[in-house]
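K.L.:
For reference, this is coords_20.txt, and it has compact mmCIF, C-alpha atoms and all ligand atoms.
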# COMPACT_ATOMS: atom_id res chain seq x y z
CA MET A 18 68.07 109.45 117.68
CA LEU A 19 66.51 110.17 114.33
CA VAL A 20 68.86 110.81 111.44
CA LYS A 21 67.07 112.85 108.79
CA ASN A 22 67.96 113.28 105.11
CA ALA A 23 70.58 110.58 104.89
CA LYS A 24 71.79 109.50 101.47
CA ILE A 25 72.57 105.82 101.86
CA ILE A 26 73.78 103.18 99.44
CA MET A 27 71.60 100.10 99.15
CA GLY A 28 72.91 97.57 96.70
CA THR A 29 73.88 99.72 93.76
CA GLU A 30 71.23 102.36 94.43
CA GLU A 31 71.47 105.61 96.34
CA VAL A 32 68.39 106.42 98.39
CA MET A 33 67.41 109.31 100.64
CA VAL A 34 66.11 108.03 103.93
CA ASP A 35 65.56 108.78 107.60
CA ILE A 36 67.07 106.39 110.11
CA LEU A 37 65.66 105.70 113.55
CA ILE A 38 68.06 104.51 116.22
CA GLN A 39 67.14 103.14 119.62
CA ASP A 40 69.32 101.54 122.28
CA GLY A 41 72.31 101.80 120.01
CA LYS A 42 70.74 99.85 117.14
CA PHE A 43 69.18 100.78 113.83
CA VAL A 44 65.45 100.12 114.27
CA LYS A 45 63.92 101.71 111.19
CA VAL A 46 65.24 102.83 107.83
CA GLY A 47 62.68 104.51 105.62
CA ARG A 48 61.25 107.60 104.04
CA ASN A 49 59.87 110.47 106.09
CA LEU A 50 59.93 108.83 109.49
CA ALA A 51 57.77 110.77 111.95
CA GLU A 52 59.50 113.49 113.89
CA ASP A 53 57.10 113.29 116.78
CA LEU A 54 59.08 110.50 118.36
CA LYS A 55 60.76 112.99 120.67
CA GLU A 56 64.07 111.68 119.40
CA GLU A 57 67.15 113.82 119.15
CA ILE A 58 67.42 114.79 115.49
CA LEU A 59 70.65 114.63 113.55
CA ASP A 60 70.25 116.26 110.15
CA ALA A 61 72.54 114.65 107.57
CA LYS A 62 71.44 117.38 105.13
CA GLY A 63 71.46 115.05 102.17
CA HIS A 64 75.06 113.97 102.69
CA TYR A 65 76.18 110.39 102.27
CA VAL A 66 75.77 108.23 105.35
CA LEU A 67 77.84 105.04 105.38
CA PRO A 68 78.14 102.28 107.96
CA GLY A 69 81.09 102.89 110.29
CA MET A 70 84.32 101.73 108.70
CA ILE A 71 85.79 98.49 110.02
CA ASP A 72 89.58 98.51 109.90
CA ALA A 73 90.72 94.93 110.17
CA HIS A 74 94.41 95.85 110.40
CA THR A 75 95.83 98.29 112.95
CA HIS A 76 98.82 98.42 115.29
CA MET A 77 97.65 100.54 118.20
CA ARG A 78 100.89 99.88 120.13
CA THR A 79 99.28 99.26 123.54
CA PRO A 80 101.01 97.83 125.49
CA GLY A 81 104.71 98.44 125.08
CA PHE A 82 105.15 101.11 122.43
CA THR A 83 102.83 103.78 123.73
CA HIS A 84 105.21 106.57 122.80
CA LYS A 85 104.25 105.82 119.15
CA GLU A 86 100.51 105.46 119.74
CA ASP A 87 98.24 104.25 122.49
CA ILE A 88 94.75 102.98 122.60
CA SER A 89 93.34 106.40 123.40
CA SER A 90 95.15 108.36 120.66
CA GLY A 91 94.84 105.57 118.10
CA SER A 92 91.14 105.00 118.61
CA LYS A 93 90.50 108.73 118.58
CA ALA A 94 92.30 108.96 115.24
CA ALA A 95 90.14 106.08 114.03
CA ILE A 96 86.91 107.83 115.03
CA ARG A 97 88.09 111.02 113.34
CA GLY A 98 88.48 109.02 110.16
CA GLY A 99 85.06 107.37 110.35
CA VAL A 100 86.43 104.06 111.63
CA THR A 101 84.12 102.78 114.37
CA SER A 102 85.63 99.30 114.73
CA PHE A 103 89.21 98.15 114.44
CA PHE A 104 91.19 95.00 115.03
CA ASP A 105 94.52 95.24 116.80
CA MET A 106 97.60 93.27 115.80
CA PRO A 107 99.60 91.18 118.29
CA ASN A 108 103.12 92.62 117.82
CA THR A 109 102.91 94.66 121.00
CA ASP A 110 105.15 94.19 124.07
CA PRO A 111 104.35 91.78 125.51
CA ALA A 112 103.21 90.24 122.24
CA THR A 113 99.65 88.94 122.31
CA VAL A 114 100.68 85.29 122.17
CA SER A 115 99.38 84.00 125.52
CA MET A 116 96.07 84.25 127.29
CA GLU A 117 97.83 86.22 129.97
CA ALA A 118 99.04 88.83 127.48
CA LEU A 119 95.59 88.98 125.92
CA GLU A 120 94.04 89.67 129.32
CA GLU A 121 96.62 92.34 130.02
CA LYS A 122 95.85 94.04 126.72
CA ARG A 123 92.13 93.81 127.42
CA ASN A 124 92.57 95.50 130.76
CA MET A 125 94.53 98.33 129.21
CA TYR A 126 91.84 98.84 126.57
CA GLN A 127 89.01 98.86 129.07
CA GLY A 128 87.56 102.37 129.27
CA ASN A 129 90.27 103.82 127.05
CA SER A 130 88.99 103.38 123.52
CA TYR A 131 86.81 105.72 121.50
CA ALA A 132 85.95 102.99 119.00
CA ASP A 133 84.91 99.36 119.28
CA TYR A 134 87.69 96.82 118.90
CA ALA A 135 88.69 93.21 118.61
CA PHE A 136 92.03 91.47 118.93
CA TYR A 137 94.23 89.22 116.88
CA PHE A 138 96.20 86.55 118.65
CA GLY A 139 99.75 85.84 117.50
CA GLY A 140 101.24 82.50 116.55
CA THR A 141 104.88 81.99 117.59
CA ARG A 142 107.86 79.97 116.46
CA PHE A 143 107.80 78.35 119.91
CA ASP A 144 104.58 76.64 118.90
CA ASN A 145 101.99 78.23 121.17
CA HIS A 146 99.12 76.31 119.55
CA GLU A 147 97.57 75.47 122.90
CA GLU A 148 97.21 79.13 123.70
CA VAL A 149 96.05 79.80 120.14
CA GLN A 150 93.28 77.28 120.63
CA LYS A 151 92.16 78.87 123.90
CA ALA A 152 92.03 82.29 122.26
CA ALA A 153 90.40 81.18 119.02
CA GLU A 154 86.81 82.01 119.88
CA GLU A 155 87.66 85.27 121.65
CA THR A 156 89.80 86.81 118.95
CA VAL A 157 89.18 87.58 115.29
CA ALA A 158 91.99 85.42 113.93
CA THR A 159 95.47 84.07 114.55
CA LYS A 160 98.07 86.34 113.00
CA ILE A 161 101.12 84.64 111.60
CA PHE A 162 104.16 86.33 110.12
CA PHE A 163 105.51 84.38 107.13
CA ASN A 164 108.07 87.12 106.50
CA VAL A 165 110.26 89.19 108.80
CA SER A 166 108.62 92.42 109.95
CA THR A 167 108.38 94.78 112.92
CA GLY A 168 108.57 92.63 116.04
CA ASP A 169 110.05 89.18 116.40
CA MET A 170 107.16 87.06 115.26
CA LEU A 171 108.36 85.09 112.24
CA VAL A 172 107.26 81.43 112.10
CA GLU A 173 109.10 79.24 109.58
CA ASP A 174 108.85 75.65 110.75
CA ASP A 175 106.24 73.78 108.71
CA ARG A 176 105.13 71.51 111.52
CA ILE A 177 104.61 74.46 113.85
CA LEU A 178 102.74 76.36 111.16
CA GLU A 179 100.42 73.39 110.74
CA ASN A 180 99.84 73.11 114.48
CA ILE A 181 98.94 76.76 114.69
CA PHE A 182 96.62 76.56 111.67
CA HIS A 183 94.88 73.56 113.22
CA ALA A 184 94.34 75.39 116.51
CA SER A 185 92.94 78.51 114.84
CA LYS A 186 89.42 79.52 113.90
CA ARG A 187 90.81 81.57 111.04
CA VAL A 188 94.26 82.73 110.10
CA ALA A 189 95.54 86.12 109.00
CA VAL A 190 99.01 86.30 107.54
CA HIS A 191 101.74 88.73 106.76
CA ALA A 192 102.98 86.91 103.68
CA GLU A 193 104.78 88.38 100.70
CA ARG A 194 105.50 87.00 97.24
CA GLU A 195 105.88 83.18 97.27
CA MET A 196 104.87 83.14 100.93
CA VAL A 197 101.35 84.09 99.79
CA GLU A 198 101.22 80.84 97.89
CA LYS A 199 102.62 78.91 100.83
CA ALA A 200 99.95 80.33 103.15
CA ILE A 201 97.22 79.47 100.66
CA GLN A 202 98.47 75.88 100.39
CA LEU A 203 98.39 75.52 104.16
CA ALA A 204 94.90 76.96 104.39
CA ARG A 205 93.83 74.52 101.74
CA LYS A 206 95.42 71.56 103.48
CA ILE A 207 94.24 72.39 107.00
CA LYS A 208 90.93 73.84 105.78
CA LYS A 209 90.92 77.15 107.59
CA PRO A 210 89.71 80.51 106.28
CA LEU A 211 92.71 82.64 105.32
CA TYR A 212 92.98 86.43 105.37
CA LEU A 213 95.94 87.73 103.39
CA CYS A 214 97.05 91.04 104.84
CA HIS A 215 98.33 93.92 102.69
CA ILE A 216 98.60 92.38 99.24
CA SER A 217 100.96 94.64 97.31
CA LEU A 218 102.05 92.95 94.10
CA GLU A 219 100.29 92.17 90.86
CA LYS A 220 101.89 88.72 90.99
CA GLU A 221 100.31 87.95 94.37
CA LEU A 222 96.87 88.61 92.88
CA GLU A 223 97.35 85.59 90.63
CA TYR A 224 97.69 83.26 93.62
CA ILE A 225 94.47 84.66 95.09
CA ARG A 226 92.58 84.48 91.83
CA GLU A 227 93.53 80.82 91.38
CA ALA A 228 92.70 79.94 94.99
CA LYS A 229 89.29 81.58 94.75
CA GLU A 230 88.58 79.82 91.48
CA ILE A 231 89.01 76.41 93.07
CA GLY A 232 86.92 77.36 96.07
CA ILE A 233 89.53 77.89 98.79
CA GLU A 234 88.24 80.31 101.43
CA VAL A 235 90.77 83.08 101.02
CA TYR A 236 90.42 86.83 101.28
CA GLY A 237 92.74 89.60 100.20
CA GLU A 238 93.33 92.92 101.93
CA VAL A 239 94.94 95.99 100.45
CA THR A 240 96.13 99.14 102.23
CA PRO A 241 95.52 102.69 101.04
CA HIS A 242 99.30 103.21 100.77
CA HIS A 243 99.75 100.29 98.39
CA LEU A 244 97.00 101.78 96.23
CA PHE A 245 98.01 105.44 96.30
CA LEU A 246 101.78 105.39 96.74
CA ASN A 247 104.63 103.71 94.92
CA GLU A 248 108.42 103.57 94.68
CA GLU A 249 108.54 106.85 92.81
CA ASP A 250 106.93 108.64 95.73
CA ARG A 251 109.32 106.96 98.11
CA GLU A 252 112.42 107.88 96.11
CA GLN A 253 111.58 111.59 95.88
CA THR A 254 113.57 113.00 98.78
CA GLU A 255 116.03 111.85 101.43
CA GLU A 256 113.15 112.04 103.90
CA THR A 257 110.54 110.13 101.91
CA LYS A 258 113.18 107.47 101.33
CA LEU A 259 112.99 106.79 105.07
CA PHE A 260 109.42 107.76 105.95
CA LEU A 261 107.75 105.72 103.22
CA ARG A 262 109.49 102.47 104.10
CA THR A 263 106.95 99.83 105.01
CA LYS A 264 106.53 96.09 104.89
CA PRO A 265 105.51 95.11 102.34
CA GLU A 266 107.45 97.86 100.56
CA LEU A 267 105.69 100.22 98.18
CA LYS A 268 105.72 98.77 94.69
CA THR A 269 105.34 100.16 91.17
CA LYS A 270 102.68 102.28 89.57
CA LYS A 271 101.68 99.22 87.58
CA ASP A 272 101.08 97.33 90.81
CA ASN A 273 98.95 100.25 92.08
CA GLU A 274 96.74 99.93 89.01
CA ALA A 275 96.47 96.15 89.24
CA LEU A 276 95.48 96.39 92.92
CA TRP A 277 92.75 98.94 92.18
CA LYS A 278 91.28 96.66 89.54
CA ALA A 279 91.47 93.64 91.80
CA LEU A 280 89.71 95.59 94.53
CA GLN A 281 86.88 96.68 92.30
CA TYR A 282 86.42 93.28 90.67
CA GLY A 283 86.56 91.05 93.72
CA ILE A 284 90.02 89.50 93.82
CA LEU A 285 90.72 91.75 96.81
CA ASP A 286 88.05 91.97 99.47
CA THR A 287 88.90 94.60 102.06
CA ILE A 288 90.73 97.81 102.82
CA GLY A 289 92.80 97.44 105.98
CA THR A 290 95.07 100.35 106.76
CA ASP A 291 97.96 98.55 108.46
CA HIS A 292 98.03 101.67 110.62
CA ALA A 293 101.60 101.28 111.88
CA PRO A 294 102.59 104.45 113.71
CA HIS A 295 106.25 105.28 114.31
CA LEU A 296 107.66 108.69 115.25
CA LEU A 297 109.53 110.54 112.53
CA GLU A 298 112.60 110.76 114.78
CA GLU A 299 112.57 106.98 114.91
CA LYS A 300 112.20 106.71 111.17
CA LYS A 301 115.10 109.13 110.68
CA ALA A 302 117.38 107.44 113.19
CA LYS A 303 116.95 103.85 112.05
CA LEU A 304 115.27 101.92 109.28
CA THR A 305 111.73 101.51 110.60
CA PHE A 306 108.82 100.03 108.66
CA GLY A 307 105.25 101.25 108.68
CA MET A 308 103.17 104.41 108.49
CA PRO A 309 100.11 105.77 110.24
CA SER A 310 96.90 106.00 108.22
CA VAL A 311 93.78 105.06 110.16
CA GLU A 312 92.47 108.62 110.26
CA HIS A 313 92.52 109.25 106.54
CA SER A 314 91.58 105.90 105.06
CA LEU A 315 88.02 106.78 104.09
CA GLU A 316 88.89 110.32 103.04
CA MET A 317 91.66 108.98 100.82
CA MET A 318 89.72 106.01 99.47
CA TRP A 319 86.96 108.35 98.32
CA LYS A 320 89.50 109.79 95.89
CA GLY A 321 89.41 106.39 94.22
CA VAL A 322 85.70 106.93 93.70
CA GLU A 323 86.32 110.41 92.26
CA GLU A 324 88.97 109.01 89.95
CA GLY A 325 86.72 106.21 88.74
CA LYS A 326 88.87 103.44 90.20
CA ILE A 327 86.20 102.06 92.49
CA THR A 328 82.46 102.55 92.73
CA LEU A 329 80.89 103.87 95.89
CA PRO A 330 78.85 100.70 96.52
CA ARG A 331 82.04 98.65 96.20
CA LEU A 332 83.88 101.01 98.55
CA GLN A 333 81.17 100.48 101.15
CA GLU A 334 81.51 96.73 100.69
CA VAL A 335 85.26 96.59 101.08
CA MET A 336 85.43 98.99 104.02
CA CYS A 337 82.32 97.94 105.96
CA GLU A 338 80.39 94.85 104.96
CA ASN A 339 83.22 92.56 103.93
CA PRO A 340 85.38 92.96 107.04
CA ALA A 341 82.28 92.22 109.16
CA ASN A 342 81.37 89.15 107.12
CA ILE A 343 84.87 87.73 106.80
CA PHE A 344 85.52 87.96 110.54
CA GLY A 345 82.03 86.93 111.58
CA LEU A 346 80.86 90.17 113.21
CA LYS A 347 77.10 89.77 113.34
CA THR A 348 76.11 93.28 114.40
CA LYS A 349 78.47 95.49 112.37
CA GLY A 350 79.02 96.72 108.86
CA LYS A 351 75.55 97.57 107.61
CA ILE A 352 72.88 100.22 107.89
CA ALA A 353 70.02 97.81 108.41
CA VAL A 354 67.50 97.01 111.10
CA GLY A 355 69.04 95.18 114.04
CA TYR A 356 72.63 96.21 113.37
CA ASP A 357 74.71 98.41 115.67
CA ALA A 358 74.09 102.05 114.85
CA ASP A 359 77.66 102.78 113.79
CA PHE A 360 77.81 105.25 110.94
CA VAL A 361 79.63 108.16 109.40
CA ILE A 362 78.37 111.26 107.62
CA VAL A 363 80.69 112.60 104.95
CA ASP A 364 80.83 115.71 102.82
CA GLU A 365 81.75 114.35 99.41
CA LYS A 366 82.28 117.87 98.05
CA ASP A 367 84.96 118.78 100.56
CA HIS A 368 88.27 118.27 98.80
CA SER A 369 90.31 120.38 101.16
CA GLU A 370 93.97 119.59 101.75
CA ILE A 371 94.95 117.22 104.53
CA GLN A 372 96.78 119.36 107.08
CA GLN A 373 99.57 118.54 109.49
CA GLU A 374 97.66 120.33 112.28
CA GLU A 375 94.67 118.01 112.07
CA ILE A 376 96.60 114.83 112.84
CA ILE A 377 95.51 112.99 115.95
CA SER A 378 97.78 109.94 115.87
CA LYS A 379 100.67 110.22 118.34
CA ALA A 380 103.00 109.49 115.43
CA ALA A 381 102.11 113.05 114.39
CA TRP A 382 102.64 112.62 110.68
CA SER A 383 100.87 111.18 107.70
CA PRO A 384 101.99 110.26 104.19
CA TYR A 385 98.91 112.11 102.97
CA VAL A 386 99.59 115.59 104.34
CA GLY A 387 99.34 118.05 101.47
CA GLN A 388 97.11 115.79 99.39
CA LYS A 389 93.53 116.71 98.63
CA ARG A 390 91.03 114.49 100.35
CA GLY A 391 88.23 112.81 98.40
CA CYS A 392 85.64 113.61 101.04
CA LYS A 393 85.56 114.89 104.60
CA VAL A 394 84.26 113.03 107.60
CA LEU A 395 81.73 115.31 109.29
CA THR A 396 80.26 113.08 111.97
CA THR A 397 81.03 109.64 113.38
CA VAL A 398 78.46 107.78 115.45
CA LEU A 399 79.14 104.67 117.53
CA ARG A 400 76.19 102.59 118.71
CA GLY A 401 73.87 105.57 118.50
CA GLU A 402 76.12 108.10 120.22
CA ILE A 403 77.93 110.90 118.50
CA MET A 404 81.66 110.30 118.88
CA TYR A 405 82.89 113.01 116.57
CA HIS A 406 81.14 116.07 115.26
CA GLU A 407 82.59 119.43 114.24
CA GLY A 408 85.87 118.77 115.93
CA ILE A 409 84.34 117.62 119.23
CA PHE A 410 84.82 114.05 120.46
CA GLY A 411 82.49 111.98 122.60
CA LYS A 412 83.63 109.94 125.52
CA LYS A 413 85.62 106.70 125.42
CA ARG A 414 82.85 104.17 125.19
CA GLY A 415 84.45 101.67 122.85
CA ARG A 416 84.14 98.04 123.85
CA GLU A 417 85.33 94.63 122.76
CA ILE A 418 83.10 93.54 119.90
CA LEU A 419 83.32 89.78 120.36
CA LYS A 420 82.23 90.03 124.00
CA HIS A 421 79.02 91.81 123.05
CA GLU A 422 77.59 89.86 120.16
O1 LIG B 1 105.41 98.13 107.88
C1 LIG B 1 105.00 97.40 108.77
N1 LIG B 1 104.88 97.85 110.03
N2 LIG B 1 104.68 96.15 108.47
C2 LIG B 1 104.36 95.26 109.42
O2 LIG B 1 104.10 94.12 109.11
C3 LIG B 1 104.37 95.63 110.84
C4 LIG B 1 104.21 97.08 111.00
C5 LIG B 1 104.52 97.60 112.37
O3 LIG B 1 104.07 97.00 113.35
O4 LIG B 1 105.21 98.61 112.47
ZN ZN B 2 102.24 92.93 108.01
ZN ZN B 3 100.49 95.18 110.07
Would you kindly transcribe this structure into structure tokens?
P.N.:
Amino acid sequence: MLVKNAKIIMGTEEVMVDILIQDGKFVKVGRNLAEDLKEEILDAKGHYVLPGMIDAHTHMRTPGFTHKEDISSGSKAAIRGGVTSFFDMPNTDPATVSMEALEEKRNMYQGNSYADYAFYFGGTRFDNHEEVQKAAEETVATKIFFNVSTGDMLVEDDRILENIFHASKRVAVHAEREMVEKAIQLARKIKKPLYLCHISLEKELEYIREAKEIGIEVYGEVTPHHLFLNEEDREQTEETKLFLRTKPELKTKKDNEALWKALQYGILDTIGTDHAPHLLEEKKAKLTFGMPSVEHSLEMMWKGVEEGKITLPRLQEVMCENPANIFGLKTKGKIAVGYDADFVIVDEKDHSEIQQEEIISKAAWSPYVGQKRGCKVLTTVLRGEIMYHEGIFGKKRGREILKHE
């Protein structure tokens, strides 16, 4: 495939290039590449072309909660949003806390995903560090819950936490407030890279800033909802009071602003959606935390560019390059020779409203319906094959990233 007239971001520059793709990899990026290669031509028409988004934080609900989402619907939603790789969290049923459960999840994913994927492995309060160790090289990180959240995965015992840290290659945590500091201290003591999921408070940024300053390997993630939404949005109606409940909870407008700054200036490193689909009936019937968002993350985040809160080169870093680097993906996250040809073409002038009818997630709602998008995903390509273009989806050819590197 030859992609013509692609506006790409290299460093802080924007350049118009053609991109040659063979066997699913980028093989040439340059000006006026010959058209006599008998390659299929995809004309980007001068639109921005970004590496496929890597969403390091999703709950695709397979197995166990497939009435909320399943691997097929969730990965299709991802592709629609320009996300070509995602990492799945372990709070499924069974939870991904044993090699057996990991295998079972793998089998269910096989042949059913539109996007490429990798798995987290969960640490448990029953001290499953032996299983954690077995899974360490095959999964992106061990996920540990330092606070109560959806699922029954809290780990509180210090000795067990240490055992799990020791057995891990890297650790990702759901930690809020002081627990952020506790996780950082453990990472420092046991010397493991630490990924802090969904940072939501200005105060938590201080812990990260200090840790980075003294050279601890720690990374911060922020979700689109903690950037764009706050308590005021949640308190608007009886419905939003239920629908916009999430863990961590939405915070204040001041926190929104502090998070944007931290994202632009390097205290925060990635956007992860924490795509956590629940049906609205469930959210109405019982207090249920989490919201779907994988399919609008890029389109929403581009609003941040429009509003001057983040630069486009930085957006590309935090949504593509950084997740690949932090989790050691060698073939993803960049439009460069030798990398997987995962990319997305967007129309940055399309600010149309996000519509209820367009939603692909089984959860069938989005906190962003009615909002104007910052750009529109036109085309999503996975390893050189068009997966989404003008409303048409390709076939389910997603595969496990760590098995193919
Ligand atoms: O709001 C949340 N929902 N936070 C979490 O940590 C888990 C997630 C879910 O799985 O629903
Ligand atoms: Zn969480
Ligand atoms: Zn989560």
K.L.:
Hey, what's within 9 Å of region 190-202 of chain A if we count all atoms listed in the file and toss same-chain stuff fewer than 3 positions away? As number ranges by chain, please?
P.N.:
A: 159-166, 205-207, 211-218, 220-221, 224-225, 228, 233, 235, 264-265
K.L.:
Using all atoms listed in the file, find the one residue out of A:Ala135, A:Ala293, A:Ala153, A:Met318 that sits nearest to ligand ZN 3 (chain B).
P.N.:
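Looking at the shortest contact to ligand ZN 3 (chain B), the residue is A:Ala293.
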K.L.:
Just checking: using only C-alpha atoms, which residue out of A:His295, A:Lys62, A:His74, A:Lys301 ends up closest to Ala189 (chain A)?
P.N.:
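Nearest to Ala189 (chain A): A:His74.
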K.L.:
Provide an axis-aligned box for all listed atoms of region 382-386 of chain A, padding each side by 8 Å; report its centre and its edge lengths in Å to one decimal, as AutoDock Vina command-line options.
P.N.:
--center_x 100.8 --center_y 112.9 --center_z 106.8 --size_x 19.7 --size_y 21.3 --size_z 23.7
K.L.:
Could you give me, as a ChimeraX atom specification, the residues that sit within 9 Å of (73.2, 109.7, 116.7) in the file's coordinates, counting all atoms listed in the file?
P.N.:
/A:18-20,38,41,57-59,358-360,397-404
K.L.:
Nearest to ligand ZN 2 (chain B): which of A:Leu329, A:Leu346, A:Ala152, A:Met106 is it, counting all atoms listed in the file?
P.N.:
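Under the stated criterion, the closest residue is A:Met106.
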K.L.:
Counting all atoms listed in the file, what is within 7 Å of Thr263 (chain A), bar same-chain residues fewer than 3 positions away, as a list in words?
P.N.:
Glu266, Leu267, Phe306, Gly307 and Met308 of chain A
K.L.:
What separation in Å, quoted to one decimal, exists between CA of Phe104 (chain A) and CA of Ile88 (chain A)?
P.N.:
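Separation of CA of Phe104 (chain A) and CA of Ile88 (chain A): 11.6 Å.
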K.L.:
Could you please determine the separation between CA of Lys420 (chain A) and CA of Arg97 (chain A) in Å, to one decimal place?
P.N.:
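Computed distance, CA of Lys420 (chain A) to CA of Arg97 (chain A), equals 24.3 Å.
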K.L.:
Closest to ligand ZN 2 (chain B) among A:His76, A:Lys24, A:Arg176, A:Lys326, using all atoms listed in the file?
P.N.:
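Checking each candidate against ligand ZN 2 (chain B), we get A:His76 as the closest.
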K.L.:
Interatomic distance between CA of Phe182 (chain A) and CA of Phe82 (chain A)?
P.N.:
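If I compute the distance from CA of Phe182 (chain A) to CA of Phe82 (chain A), I get 28.1 Å.
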K.L.:
Counting all atoms listed in the file, what is within 8 Å of Ala380 (chain A), bar same-chain residues fewer than 5 positions away, as an mmCIF file with C-alpha atoms, in the coordinates of the input?
P.N.:
data_model
loop_
_atom_site.group_PDB
_atom_site.id
_atom_site.type_symbol
_atom_site.label_atom_id
_atom_site.label_comp_id
_atom_site.auth_asym_id
_atom_site.auth_seq_id
_atom_site.Cartn_x
_atom_site.Cartn_y
_atom_site.Cartn_z
ATOM 1 C CA LYS A 85 104.250 105.820 119.150
ATOM 2 C CA GLU A 86 100.510 105.460 119.740
ATOM 3 C CA PRO A 294 102.590 104.450 113.710
ATOM 4 C CA HIS A 295 106.250 105.280 114.310
ATOM 5 C CA LEU A 296 107.660 108.690 115.250
ATOM 6 C CA LEU A 297 109.530 110.540 112.530
ATOM 7 C CA PRO A 309 100.110 105.770 110.240
#
K.L.:
At a cut-off of 10 Å from (102.7, 88.0, 121.1) in the coordinates of the file, what residues are picked up using only C-alpha atoms, written as a ChimeraX atom specification?
P.N.:
/A:106-116,118-119,137-141,145,160,168-170
K.L.:
Selection from above, C-alpha atoms, as an mmCIF file, in the coordinates of the input, can you write it?
P.N.:
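Now in again-v1.cif:
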data_model
loop_
_atom_site.group_PDB
_atom_site.id
_atom_site.type_symbol
_atom_site.label_atom_id
_atom_site.label_comp_id
_atom_site.auth_asym_id
_atom_site.auth_seq_id
_atom_site.Cartn_x
_atom_site.Cartn_y
_atom_site.Cartn_z
ATOM 1 C CA MET A 106 97.600 93.270 115.800
ATOM 2 C CA PRO A 107 99.600 91.180 118.290
ATOM 3 C CA ASN A 108 103.120 92.620 117.820
ATOM 4 C CA THR A 109 102.910 94.660 121.000
ATOM 5 C CA ASP A 110 105.150 94.190 124.070
ATOM 6 C CA PRO A 111 104.350 91.780 125.510
ATOM 7 C CA ALA A 112 103.210 90.240 122.240
ATOM 8 C CA THR A 113 99.650 88.940 122.310
ATOM 9 C CA VAL A 114 100.680 85.290 122.170
ATOM 10 C CA SER A 115 99.380 84.000 125.520
ATOM 11 C CA MET A 116 96.070 84.250 127.290
ATOM 12 C CA ALA A 118 99.040 88.830 127.480
ATOM 13 C CA LEU A 119 95.590 88.980 125.920
ATOM 14 C CA TYR A 137 94.230 89.220 116.880
ATOM 15 C CA PHE A 138 96.200 86.550 118.650
ATOM 16 C CA GLY A 139 99.750 85.840 117.500
ATOM 17 C CA GLY A 140 101.240 82.500 116.550
ATOM 18 C CA THR A 141 104.880 81.990 117.590
ATOM 19 C CA ASN A 145 101.990 78.230 121.170
ATOM 20 C CA LYS A 160 98.070 86.340 113.000
ATOM 21 C CA GLY A 168 108.570 92.630 116.040
ATOM 22 C CA ASP A 169 110.050 89.180 116.400
ATOM 23 C CA MET A 170 107.160 87.060 115.260
#
K.L.:
Using only C-alpha atoms and all ligand atoms, which residue out of A:Leu259, A:Ile418, A:Ile231, A:Ala73 lies closest to ligand ZN 3 (chain B)?
P.N.:
A:Ala73
K.L.:
Can you tell me which residues surround Asn124 (chain A) at a distance of at most 12 Å, considering all atoms listed in the file, apart from same-chain residues fewer than 3 positions away, and format the answer as a ChimeraX atom specification?
P.N.:
/A:79-80,88,117-121,127-130,416-417
K.L.:
For the residues selected in the previous step, produce a file with C-alpha atoms as a PDB file, keeping the file's coordinate frame.
P.N.:
ATOM      1  CA  THR A  79      99.280  99.260 123.540  1.00  0.00           C
ATOM      2  CA  PRO A  80     101.010  97.830 125.490  1.00  0.00           C
ATOM      3  CA  ILE A  88      94.750 102.980 122.600  1.00  0.00           C
ATOM      4  CA  GLU A 117      97.830  86.220 129.970  1.00  0.00           C
ATOM      5  CA  ALA A 118      99.040  88.830 127.480  1.00  0.00           C
ATOM      6  CA  LEU A 119      95.590  88.980 125.920  1.00  0.00           C
ATOM      7  CA  GLU A 120      94.040  89.670 129.320  1.00  0.00           C
ATOM      8  CA  GLU A 121      96.620  92.340 130.020  1.00  0.00           C
ATOM      9  CA  GLN A 127      89.010  98.860 129.070  1.00  0.00           C
ATOM     10  CA  GLY A 128      87.560 102.370 129.270  1.00  0.00           C
ATOM     11  CA  ASN A 129      90.270 103.820 127.050  1.00  0.00           C
ATOM     12  CA  SER A 130      88.990 103.380 123.520  1.00  0.00           C
ATOM     13  CA  ARG A 416      84.140  98.040 123.850  1.00  0.00           C
ATOM     14  CA  GLU A 417      85.330  94.630 122.760  1.00  0.00           C
TER      15      GLU A 417
END
K.L.:
Which residues are near Asp72 (chain A)? Cut-off 12 Å, only C-alpha atoms, ignore same chain within fewer than 3 positions. Put them as a PyMOL selection string.
P.N.:
chain A and resi 69+75-77+92+95-96+98-106+132-136+214+238-241+287-292+310-315+335-341+344+349-350
K.L.:
Nearest to ligand LIG 1 (chain B): which of A:Thr305, A:Thr254, A:Gln333, A:Gln373 is it, counting all atoms listed in the file?
P.N.:
A:Thr305
K.L.:
N, CA and C atoms are what I want for region 120-124 of chain A; can you complete it accordingly and write them as a PDB file, in the frame of the given file?
P.N.:
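Written output follows (rebuild.pdb):
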ATOM      1  N   GLU A 120      94.750  89.069 128.180  1.00  0.00           N
ATOM      2  CA  GLU A 120      94.040  89.670 129.320  1.00  0.00           C
ATOM      3  C   GLU A 120      94.633  91.027 129.680  1.00  0.00           C
ATOM      4  N   GLU A 121      95.950  91.079 129.673  1.00  0.00           N
ATOM      5  CA  GLU A 121      96.620  92.340 130.020  1.00  0.00           C
ATOM      6  C   GLU A 121      96.230  93.427 129.018  1.00  0.00           C
ATOM      7  N   LYS A 122      96.224  93.067 127.739  1.00  0.00           N
ATOM      8  CA  LYS A 122      95.850  94.040 126.720  1.00  0.00           C
ATOM      9  C   LYS A 122      94.400  94.471 126.923  1.00  0.00           C
ATOM     10  N   ARG A 123      93.549  93.510 127.153  1.00  0.00           N
ATOM     11  CA  ARG A 123      92.130  93.810 127.420  1.00  0.00           C
ATOM     12  C   ARG A 123      91.965  94.835 128.534  1.00  0.00           C
ATOM     13  N   ASN A 124      92.683  94.588 129.619  1.00  0.00           N
ATOM     14  CA  ASN A 124      92.570  95.500 130.760  1.00  0.00           C
ATOM     15  C   ASN A 124      93.015  96.903 130.400  1.00  0.00           C
TER      16      ASN A 124
END
